[in-house]
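Novice: My structure is stored as model.cif, with mmCIF, C-alpha atoms.
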```cif
data_structure
loop_
_atom_site.label_atom_id
_atom_site.label_comp_id
_atom_site.auth_asym_id
_atom_site.auth_seq_id
_atom_site.Cartn_x
_atom_site.Cartn_y
_atom_site.Cartn_z
CA MET N 403 -6.08 6.55 -12.67
CA ILE N 404 -7.13 2.91 -12.46
CA GLY N 405 -9.57 0.62 -10.74
CA ASN N 406 -9.95 -3.12 -10.47
CA ASP N 407 -12.21 -5.58 -8.71
CA ILE N 408 -12.24 -9.34 -8.29
CA ILE N 409 -15.17 -11.60 -7.40
CA ASP N 410 -14.53 -15.10 -6.06
CA LEU N 411 -17.54 -17.07 -7.32
CA ALA N 412 -17.05 -19.70 -4.62
CA ALA N 413 -17.47 -17.00 -1.95
CA VAL N 414 -20.88 -15.96 -3.22
CA ARG N 415 -23.58 -17.26 -0.87
CA GLU N 416 -26.27 -19.51 -2.23
CA ARG N 417 -29.58 -17.75 -2.64
CA SER N 418 -32.85 -18.39 -4.41
CA PRO N 419 -33.39 -17.30 -8.04
CA ARG N 420 -35.95 -14.80 -6.74
CA TYR N 421 -33.28 -13.29 -4.47
CA TRP N 422 -30.89 -12.84 -7.39
CA GLU N 423 -33.61 -11.14 -9.41
CA ARG N 424 -33.92 -8.58 -6.63
CA TYR N 425 -30.15 -8.23 -6.42
CA ARG N 426 -29.90 -7.75 -10.19
CA ALA N 427 -32.56 -5.04 -10.09
CA LYS N 428 -30.66 -3.16 -7.38
CA VAL N 429 -27.33 -3.28 -9.17
CA MET N 430 -28.10 -3.12 -12.88
CA THR N 431 -30.21 -0.71 -14.91
CA ILE N 432 -32.92 -2.14 -17.18
CA SER N 433 -30.75 -1.23 -20.16
CA GLU N 434 -27.77 -3.14 -18.73
CA GLN N 435 -29.91 -6.16 -17.95
CA LYS N 436 -31.10 -6.25 -21.54
CA THR N 437 -27.61 -5.68 -22.95
CA LEU N 438 -26.01 -8.41 -20.88
CA ALA N 439 -28.89 -10.84 -21.44
CA CYS N 440 -28.34 -10.42 -25.19
CA ARG N 441 -24.59 -10.92 -24.76
CA ARG N 442 -25.20 -14.04 -22.70
CA LEU N 443 -27.44 -15.50 -25.41
CA HIS N 444 -24.91 -14.55 -28.05
CA LEU N 445 -22.07 -16.15 -26.10
CA ARG N 446 -24.01 -19.37 -25.60
CA GLN N 447 -24.82 -19.52 -29.30
CA THR N 448 -21.35 -18.72 -30.60
CA GLY N 449 -19.23 -20.25 -27.85
CA ARG N 450 -16.19 -18.38 -29.04
CA SER N 451 -14.69 -17.11 -25.84
CA LYS N 452 -13.69 -18.07 -22.34
CA SER N 453 -16.69 -16.24 -20.95
CA SER N 454 -19.01 -18.30 -23.12
CA GLU N 455 -17.62 -21.49 -21.58
CA LEU N 456 -18.11 -20.15 -18.09
CA LEU N 457 -21.58 -18.84 -18.76
CA THR N 458 -22.55 -22.19 -20.21
CA GLN N 459 -20.97 -24.20 -17.42
CA HIS N 460 -22.24 -22.01 -14.60
CA PRO N 461 -25.50 -20.37 -15.64
CA GLU N 462 -26.66 -20.57 -12.03
CA ASN N 463 -23.81 -18.33 -10.88
CA ASN N 464 -25.48 -15.15 -12.13
CA LEU N 465 -22.31 -14.15 -13.90
CA ASP N 466 -24.00 -11.10 -15.43
CA ILE N 467 -24.48 -9.65 -11.94
CA TRP N 468 -20.86 -10.22 -10.92
CA PHE N 469 -19.61 -8.99 -14.27
CA ALA N 470 -21.60 -5.76 -13.82
CA TRP N 471 -20.62 -5.42 -10.17
CA ALA N 472 -16.89 -5.85 -10.84
CA VAL N 473 -16.93 -3.20 -13.58
CA LYS N 474 -18.96 -0.75 -11.49
CA GLU N 475 -16.82 -1.22 -8.38
CA SER N 476 -13.70 -0.70 -10.51
CA VAL N 477 -15.09 2.56 -11.91
CA TYR N 478 -15.97 3.65 -8.37
CA LYS N 479 -12.40 2.95 -7.21
CA LEU N 480 -10.94 4.82 -10.18
CA GLU N 481 -13.11 7.89 -9.56
CA PHE N 482 -12.37 7.74 -5.84
CA GLN N 483 -8.71 8.30 -6.76
CA MET N 484 -9.82 11.52 -8.47
CA ASP N 485 -12.30 13.09 -6.08
CA GLN N 486 -12.26 10.94 -2.90
CA GLU N 487 -16.05 11.04 -2.84
CA ARG N 488 -17.69 8.09 -1.11
CA TYR N 489 -21.08 7.01 -2.34
CA PHE N 490 -23.12 3.87 -2.83
CA ALA N 491 -25.14 4.03 -6.04
CA PRO N 492 -24.35 1.09 -8.34
CA LYS N 493 -26.87 2.15 -10.97
CA GLN N 494 -25.27 5.57 -11.34
CA ILE N 495 -22.34 3.81 -12.99
CA GLN N 496 -23.45 2.27 -16.27
CA ILE N 497 -21.99 -0.24 -18.66
CA LEU N 498 -22.47 1.33 -22.08
CA GLU N 499 -20.90 -1.25 -24.37
CA PHE N 500 -19.41 -4.73 -24.10
CA ASP N 501 -17.68 -6.75 -26.77
CA PRO N 502 -17.86 -10.37 -25.57
CA ILE N 503 -15.20 -11.59 -27.97
CA ASN N 504 -12.49 -9.16 -26.90
CA GLN N 505 -13.90 -8.95 -23.36
CA GLN N 506 -13.69 -5.17 -23.48
CA GLY N 507 -16.19 -2.37 -23.20
CA ARG N 508 -16.91 1.15 -21.99
CA ALA N 509 -18.53 2.26 -18.76
CA GLN N 510 -19.92 5.62 -17.74
CA GLY N 511 -18.97 6.87 -14.30
CA LYS N 512 -20.02 10.07 -12.55
CA LEU N 513 -17.08 11.99 -13.99
CA ALA N 514 -16.30 10.44 -17.37
CA THR N 515 -16.46 7.38 -19.62
CA TYR N 516 -13.79 4.72 -19.21
CA PRO N 517 -12.58 1.68 -21.13
CA PHE N 518 -12.71 -1.61 -19.27
CA GLU N 519 -11.56 -5.18 -19.69
CA ILE N 520 -13.08 -8.21 -18.00
CA HIS N 521 -11.34 -11.51 -17.24
CA PHE N 522 -13.50 -14.59 -16.78
CA ILE N 523 -11.16 -17.09 -15.17
CA GLU N 524 -12.34 -20.41 -13.76
CA GLY N 525 -13.51 -19.55 -10.28
CA PHE N 526 -13.41 -15.77 -10.43
CA ILE N 527 -14.22 -12.66 -12.43
CA HIS N 528 -11.83 -9.73 -12.58
CA ALA N 529 -12.52 -6.26 -14.00
CA LEU N 530 -9.96 -3.63 -14.95
CA VAL N 531 -10.84 0.00 -15.69
CA TRP N 532 -8.52 2.83 -16.62
CA SER N 533 -8.54 6.52 -17.56
CA PRO N 534 -8.80 7.00 -21.32
CA GLU N 535 -5.66 9.18 -21.40
CA ARG N 536 -3.38 6.38 -20.17
CA SER N 537 -2.46 2.98 -21.55
CA LYS N 538 -4.04 -0.22 -20.25
CA PRO N 539 -2.64 -0.96 -16.78
CA SER N 540 -0.61 -4.02 -15.87
CA TYR N 541 -2.38 -6.38 -13.51
CA GLN N 542 -2.00 -9.68 -11.72
CA HIS N 543 -4.36 -12.17 -10.09
CA LEU N 544 -3.14 -13.95 -6.98
CA HIS N 545 -4.39 -16.66 -4.71
CA LEU N 546 -4.42 -15.13 -1.24
CA ASP N 547 -2.16 -17.89 0.06
CA ALA N 548 0.58 -15.93 -1.69
CA LEU N 549 2.20 -12.78 -0.30
CA PRO N 550 -0.04 -9.91 0.76
CA LEU N 551 -1.01 -7.95 -2.35
CA ASP N 552 0.93 -4.79 -1.50
CA GLN N 553 4.12 -6.76 -0.80
CA HIS N 554 3.78 -8.66 -4.06
CA LEU N 555 3.30 -5.45 -6.01
CA GLU N 556 6.23 -3.84 -4.21
CA GLU N 557 8.47 -6.69 -5.39
CA ILE N 558 7.43 -5.98 -8.98
CA LEU N 559 7.92 -2.22 -8.67
CA LYS N 560 11.35 -2.70 -7.05
CA LYS N 561 12.48 -4.38 -10.25
CA GLN N 562 11.08 -1.53 -12.35
CA PHE N 563 12.61 1.17 -10.13
CA PRO N 564 15.90 -0.32 -8.89
CA ASN N 565 17.87 1.64 -6.29
CA GLN N 566 14.91 3.87 -5.53
CA GLN N 567 12.94 4.09 -2.33
CA LEU N 568 9.40 2.79 -2.44
CA HIS N 569 6.77 3.66 0.10
CA TYR N 570 3.27 2.17 0.05
CA LYS N 571 0.47 4.48 1.15
CA ARG N 572 -2.97 3.01 1.71
CA TRP N 573 -4.91 6.25 2.33
CA PRO N 574 -6.74 8.08 0.90
CA PHE N 575 -6.30 5.52 -1.88
CA PRO N 576 -3.63 2.86 -2.59
CA GLN N 577 -0.47 4.34 -4.09
CA PHE N 578 3.28 3.88 -4.16
CA ILE N 579 5.53 6.91 -3.61
CA ILE N 580 8.91 6.63 -5.31
CA ASP N 581 11.81 8.53 -3.74
CA HIS N 582 9.32 10.77 -1.89
CA GLU N 583 8.40 12.40 -5.19
CA THR N 584 6.61 10.38 -7.83
CA THR N 585 3.22 8.87 -7.08
CA ILE N 586 2.03 5.71 -8.77
CA PRO N 587 -1.68 5.10 -8.17
CA VAL N 588 -2.45 1.41 -7.81
CA SER N 589 -5.66 -0.53 -7.29
CA MET N 590 -6.04 -3.48 -4.95
CA SER N 591 -8.94 -5.90 -4.63
CA HIS N 592 -9.63 -9.10 -2.82
CA HIS N 593 -12.61 -11.36 -2.34
CA GLY N 594 -12.75 -14.84 -0.86
CA ARG N 595 -9.65 -16.79 -1.89
CA TRP N 596 -8.52 -14.36 -4.57
CA GLY N 597 -6.80 -11.02 -4.85
CA ALA N 598 -5.71 -8.81 -7.72
CA PHE N 599 -3.85 -5.59 -8.25
CA ALA N 600 -3.38 -3.17 -11.13
CA PHE N 601 -0.77 -0.47 -11.66
CA MET T 422 -42.24 -0.96 15.37
CA GLU T 423 -40.06 0.23 18.25
CA ARG T 424 -36.65 1.71 17.34
CA LYS T 425 -34.95 -0.74 19.71
CA GLU T 426 -36.58 -3.69 17.94
CA ILE T 427 -35.49 -2.35 14.54
CA ILE T 428 -31.89 -2.00 15.77
CA GLU T 429 -31.83 -5.54 17.14
CA LYS T 430 -33.23 -7.01 13.91
CA LEU T 431 -30.82 -4.89 11.84
CA LYS T 432 -27.83 -6.11 13.84
CA LYS T 433 -28.81 -9.72 13.08
CA ILE T 434 -29.09 -8.85 9.38
CA ILE T 435 -25.68 -7.12 9.30
CA GLU T 436 -23.75 -9.67 11.38
CA PRO T 437 -23.06 -12.31 8.67
CA TYR T 438 -21.39 -9.69 6.46
CA VAL T 439 -19.19 -8.04 9.10
CA GLN T 440 -15.43 -8.41 8.67
CA ASP T 441 -14.40 -6.45 11.78
CA GLN T 442 -15.87 -8.31 14.72
CA GLU T 443 -14.36 -5.90 17.25
CA ALA T 444 -16.17 -2.98 15.62
CA PHE T 445 -19.36 -5.05 15.55
CA ALA T 446 -19.04 -5.72 19.27
CA ASN T 447 -19.03 -1.95 19.78
CA ILE T 448 -21.71 -1.17 17.21
CA ASN T 449 -23.74 2.00 17.78
CA GLU T 450 -25.92 4.29 15.70
CA ASN T 451 -22.91 6.16 14.28
CA THR T 452 -21.19 3.00 13.09
CA ASP T 453 -20.40 3.19 9.37
CA MET T 454 -21.19 -0.15 7.73
CA LEU T 455 -18.44 0.02 5.09
CA ASN T 456 -15.66 1.87 6.92
CA ASP T 457 -16.11 0.61 10.47
CA LEU T 458 -17.61 -2.85 10.08
CA LYS T 459 -15.64 -3.46 6.84
CA VAL T 460 -18.72 -4.84 5.12
CA ASN T 461 -17.88 -5.56 1.48
CA SER T 462 -19.79 -3.09 -0.71
CA ALA T 463 -21.39 -5.98 -2.66
CA ASN T 464 -22.76 -7.21 0.68
CA LEU T 465 -24.39 -3.84 1.30
CA VAL T 466 -26.84 -4.89 -1.42
CA ASP T 467 -27.47 -8.11 0.55
CA ILE T 468 -28.14 -6.10 3.71
CA ILE T 469 -30.65 -3.92 1.84
CA ILE T 470 -32.48 -6.94 0.39
CA ASP T 471 -32.41 -8.82 3.72
CA ALA T 472 -33.88 -5.73 5.42
CA GLU T 473 -36.61 -5.52 2.78
CA ILE T 474 -37.55 -9.13 3.46
CA GLU T 475 -37.33 -8.89 7.25
CA PHE T 476 -39.34 -5.65 7.54
CA ASP T 477 -41.61 -6.28 4.53
CA ILE T 478 -40.67 -2.97 2.91
CA GLU T 479 -39.19 -1.78 -0.38
CA ILE T 480 -36.06 0.36 -0.18
CA ASP T 481 -35.72 2.42 -3.36
CA ASP T 482 -32.40 3.43 -4.90
CA ASP T 483 -32.43 6.93 -3.39
CA SER T 484 -32.96 5.57 0.12
CA ALA T 485 -30.36 2.81 -0.40
CA GLU T 486 -27.77 5.46 -1.29
CA LYS T 487 -28.30 7.06 2.12
CA MET T 488 -27.78 3.87 4.13
CA VAL T 489 -24.22 4.60 5.24
CA THR T 490 -24.46 4.34 9.03
CA VAL T 491 -26.63 2.21 11.30
CA LYS T 492 -28.56 5.39 12.18
CA ASP T 493 -29.27 6.08 8.49
CA ALA T 494 -30.55 2.55 8.00
CA VAL T 495 -32.74 2.65 11.11
CA GLN T 496 -34.27 5.99 10.07
CA ILE T 497 -35.12 4.71 6.60
CA ILE T 498 -36.63 1.50 7.99
CA GLU T 499 -38.61 3.51 10.57
CA GLN T 500 -40.04 5.74 7.85
CA LEU T 501 -40.96 2.83 5.59
CA THR T 502 -42.50 0.63 8.29
CA ALA T 503 -44.60 3.59 9.53
CA LYS T 504 -46.36 3.85 6.16
#
```
Would you encode the structure as structure tokens?
Specialist:
Amino acid sequence: MIGNDIIDLAAVRERSPRYWERYRAKVMTISEQKTLACRRLHLRQTGRSKSSELLTQHPENNLDIWFAWAVKESVYKLEFQMDQERYFAPKQIQILEFDPINQQGRAQGKLATYPFEIHFIEGFIHALVWSPERSKPSYQHLHLDALPLDQHLEEILKKQFPNQQLHYKRWPFPQFIIDHETTIPVSMSHHGRWGAFAF
Amino acid sequence: MERKEIIEKLKKIIEPYVQDQEAFANINENTDMLNDLKVNSANLVDIIIDAEIEFDIEIDDDSAEKMVTVKDAVQIIEQLTAK
């Protein structure tokens, strides 16, 4: 099972610093706020990764919030593939560890703990989460001027499964059915000008 | 505060985040903010904060988890504004 989420930083509305403090408190636990504040300081001091550049260039963008949100939403999507339970409780999903150099970490969901990877690209943040028993998923970021996400992914899967019938099913969660038999769970996300998928 | 007044104020709060305008035009108490109005889940946090500011209340995490439909949100706001 997999989950992914993308945040277009340009699509985030401008708000006061006080507003973002409230937002942060609703989305992140105290422990996460401390962990990510330390990481942010560390990144600024060391400047050894892409995220450090972004955090330094855009401190006003509250990247820690969007980082945390993208990971949590990805975990939610992954677990939805398992139990189809809808809920809204961002603080019940927790980021346990984050290595800012490798951009990887672990997050605790309601059902299990999952590895994650975060991509800080100019203009957007993308998170990828997967079940520990599988390998890291493939993924792609796309500007939404390109093909719709499901069509783009279908083109990729057609090359991987030539001469086989592919059927995209959106509900209860995104998946491709191959030859009416094999199911490939996929994860789609879009926000503002950007989209991403993982499979 | 009257229930009708709460609903009207809540609709104004929700409107900027709605992605399905047709569903918004037919909004009622059973409307699900995520499924029907296609509000992005990150914007549900905005709606909660905007409601806190508008109604001068504090919505805790347990109450926020229950704000799925318009009816849920109105009930929570009613309870908190009555205190």
Novice: Please provide the set of residues having any atom within 7 Å of stretch 527-535 of chain N, restricted to all atoms listed in the file, with same-chain residues fewer than 5 positions apart removed, written as a list in words.
Specialist: Met403, Ile404, Gly405, Asn406, Asp407, Ile408, Ile409, Asp410, Phe469, Ala472, Val473, Ser476, Val477, Tyr516, Pro517, Phe518, Glu519, Ile520, His521 and Phe522 of chain N
Novice: Do me a favour and pick out the residues of chain N within 10 Å of chain T, using all atoms listed in the file, as a tab-separated table (two decimals) with C-alpha atoms, in the coordinates of the input.
Specialist:
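Saved as selection.tsv:
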```
chain	number	residue	atom	x	y	z
N	409	ILE	CA	-15.17	-11.60	-7.40
N	414	VAL	CA	-20.88	-15.96	-3.22
N	421	TYR	CA	-33.28	-13.29	-4.47
N	422	TRP	CA	-30.89	-12.84	-7.39
N	424	ARG	CA	-33.92	-8.58	-6.63
N	425	TYR	CA	-30.15	-8.23	-6.42
N	426	ARG	CA	-29.90	-7.75	-10.19
N	427	ALA	CA	-32.56	-5.04	-10.09
N	428	LYS	CA	-30.66	-3.16	-7.38
N	429	VAL	CA	-27.33	-3.28	-9.17
N	468	TRP	CA	-20.86	-10.22	-10.92
N	471	TRP	CA	-20.62	-5.42	-10.17
N	472	ALA	CA	-16.89	-5.85	-10.84
N	475	GLU	CA	-16.82	-1.22	-8.38
N	488	ARG	CA	-17.69	8.09	-1.11
N	489	TYR	CA	-21.08	7.01	-2.34
N	490	PHE	CA	-23.12	3.87	-2.83
N	491	ALA	CA	-25.14	4.03	-6.04
N	492	PRO	CA	-24.35	1.09	-8.34
N	493	LYS	CA	-26.87	2.15	-10.97
N	494	GLN	CA	-25.27	5.57	-11.34
N	592	HIS	CA	-9.63	-9.10	-2.82
N	593	HIS	CA	-12.61	-11.36	-2.34
```
Novice: Can you measure atom CA of N:Gln553 to atom CA of N:Tyr570 for me? One decimal in Å is fine.
Specialist: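 Spanning atom CA of N:Gln553 to atom CA of N:Tyr570 is a straight-line distance of 9.0 Å.
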Novice: Taking (-34.1, -3.0, 14.9) in the file's coordinates as the center, which residues reach within 10 Å of it, counting all atoms listed in the file, put as a list of chain:residue names?
Specialist: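 Collected hits near the coordinates: T:Met422, T:Glu423, T:Arg424, T:Lys425, T:Glu426, T:Ile427, T:Ile428, T:Glu429, T:Lys430, T:Leu431, T:Lys432, T:Lys433, T:Ile434, T:Ala472, T:Phe476, T:Val491, T:Ala494, T:Val495, T:Ile498, T:Glu499.
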Novice: Restrict the selected residues to C-alpha atoms and save them as a JSON list (two decimals), in the coordinates of the input.
Specialist:
```json
[["chain", "number", "residue", "atom", "x", "y", "z"],
["T", 422, "MET", "CA", -42.24, -0.96, 15.37],
["T", 423, "GLU", "CA", -40.06, 0.23, 18.25],
["T", 424, "ARG", "CA", -36.65, 1.71, 17.34],
["T", 425, "LYS", "CA", -34.95, -0.74, 19.71],
["T", 426, "GLU", "CA", -36.58, -3.69, 17.94],
["T", 427, "ILE", "CA", -35.49, -2.35, 14.54],
["T", 428, "ILE", "CA", -31.89, -2.00, 15.77],
["T", 429, "GLU", "CA", -31.83, -5.54, 17.14],
["T", 430, "LYS", "CA", -33.23, -7.01, 13.91],
["T", 431, "LEU", "CA", -30.82, -4.89, 11.84],
["T", 432, "LYS", "CA", -27.83, -6.11, 13.84],
["T", 433, "LYS", "CA", -28.81, -9.72, 13.08],
["T", 434, "ILE", "CA", -29.09, -8.85, 9.38],
["T", 472, "ALA", "CA", -33.88, -5.73, 5.42],
["T", 476, "PHE", "CA", -39.34, -5.65, 7.54],
["T", 491, "VAL", "CA", -26.63, 2.21, 11.30],
["T", 494, "ALA", "CA", -30.55, 2.55, 8.00],
["T", 495, "VAL", "CA", -32.74, 2.65, 11.11],
["T", 498, "ILE", "CA", -36.63, 1.50, 7.99],
["T", 499, "GLU", "CA", -38.61, 3.51, 10.57]]
```
Novice: Work out where the centre of an axis-aligned box around every listed atom of stretch 479-487 of chain N lies and how long its edges are once 5 Å is added on each side; give both in Å to one decimal as lines of an AutoDock Vina configuration file.
Specialist:
```
center_x = -12.4
center_y = 8.0
center_z = -6.5
size_x = 17.3
size_y = 20.1
size_z = 17.3
```
Novice: Quick one, how far is atom CA of N:Thr431 from atom CA of N:Gly511?
Specialist: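 Calculated distance between atom CA of N:Thr431 and atom CA of N:Gly511 is 13.6 Å.
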Novice: For T:Thr502, which of T:Ser484, T:Glu473, T:Asn447, T:Asn456 is the closest residue, counting all atoms listed in the file?
Specialist: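 Comparing T:Ser484, T:Glu473, T:Asn447, T:Asn456 against T:Thr502, the winner is T:Glu473.
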Novice: Determine the nearest neighbour of N:Leu513 from the options N:Tyr478, N:Trp596, N:Phe500, N:Phe563, counting all atoms listed in the file.
Specialist: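 Comparing N:Tyr478, N:Trp596, N:Phe500, N:Phe563 against N:Leu513, the winner is N:Tyr478.
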Novice: Atom CA of N:Ala600 and atom CA of T:Gln440 are how many Å apart?
Specialist: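 Computing the Euclidean distance for atom CA of N:Ala600 and atom CA of T:Gln440 yields 23.8 Å.
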Novice: Going by the chain IDs and residue numbers used in this file, which residues fall under the PyMOL selection byres ((chain N and resi 555-558) around 10)? Write them as a PyMOL selection string.
Specialist: chain N and resi 541-542+549-554+559-563+568-570+578+588+590+598-601
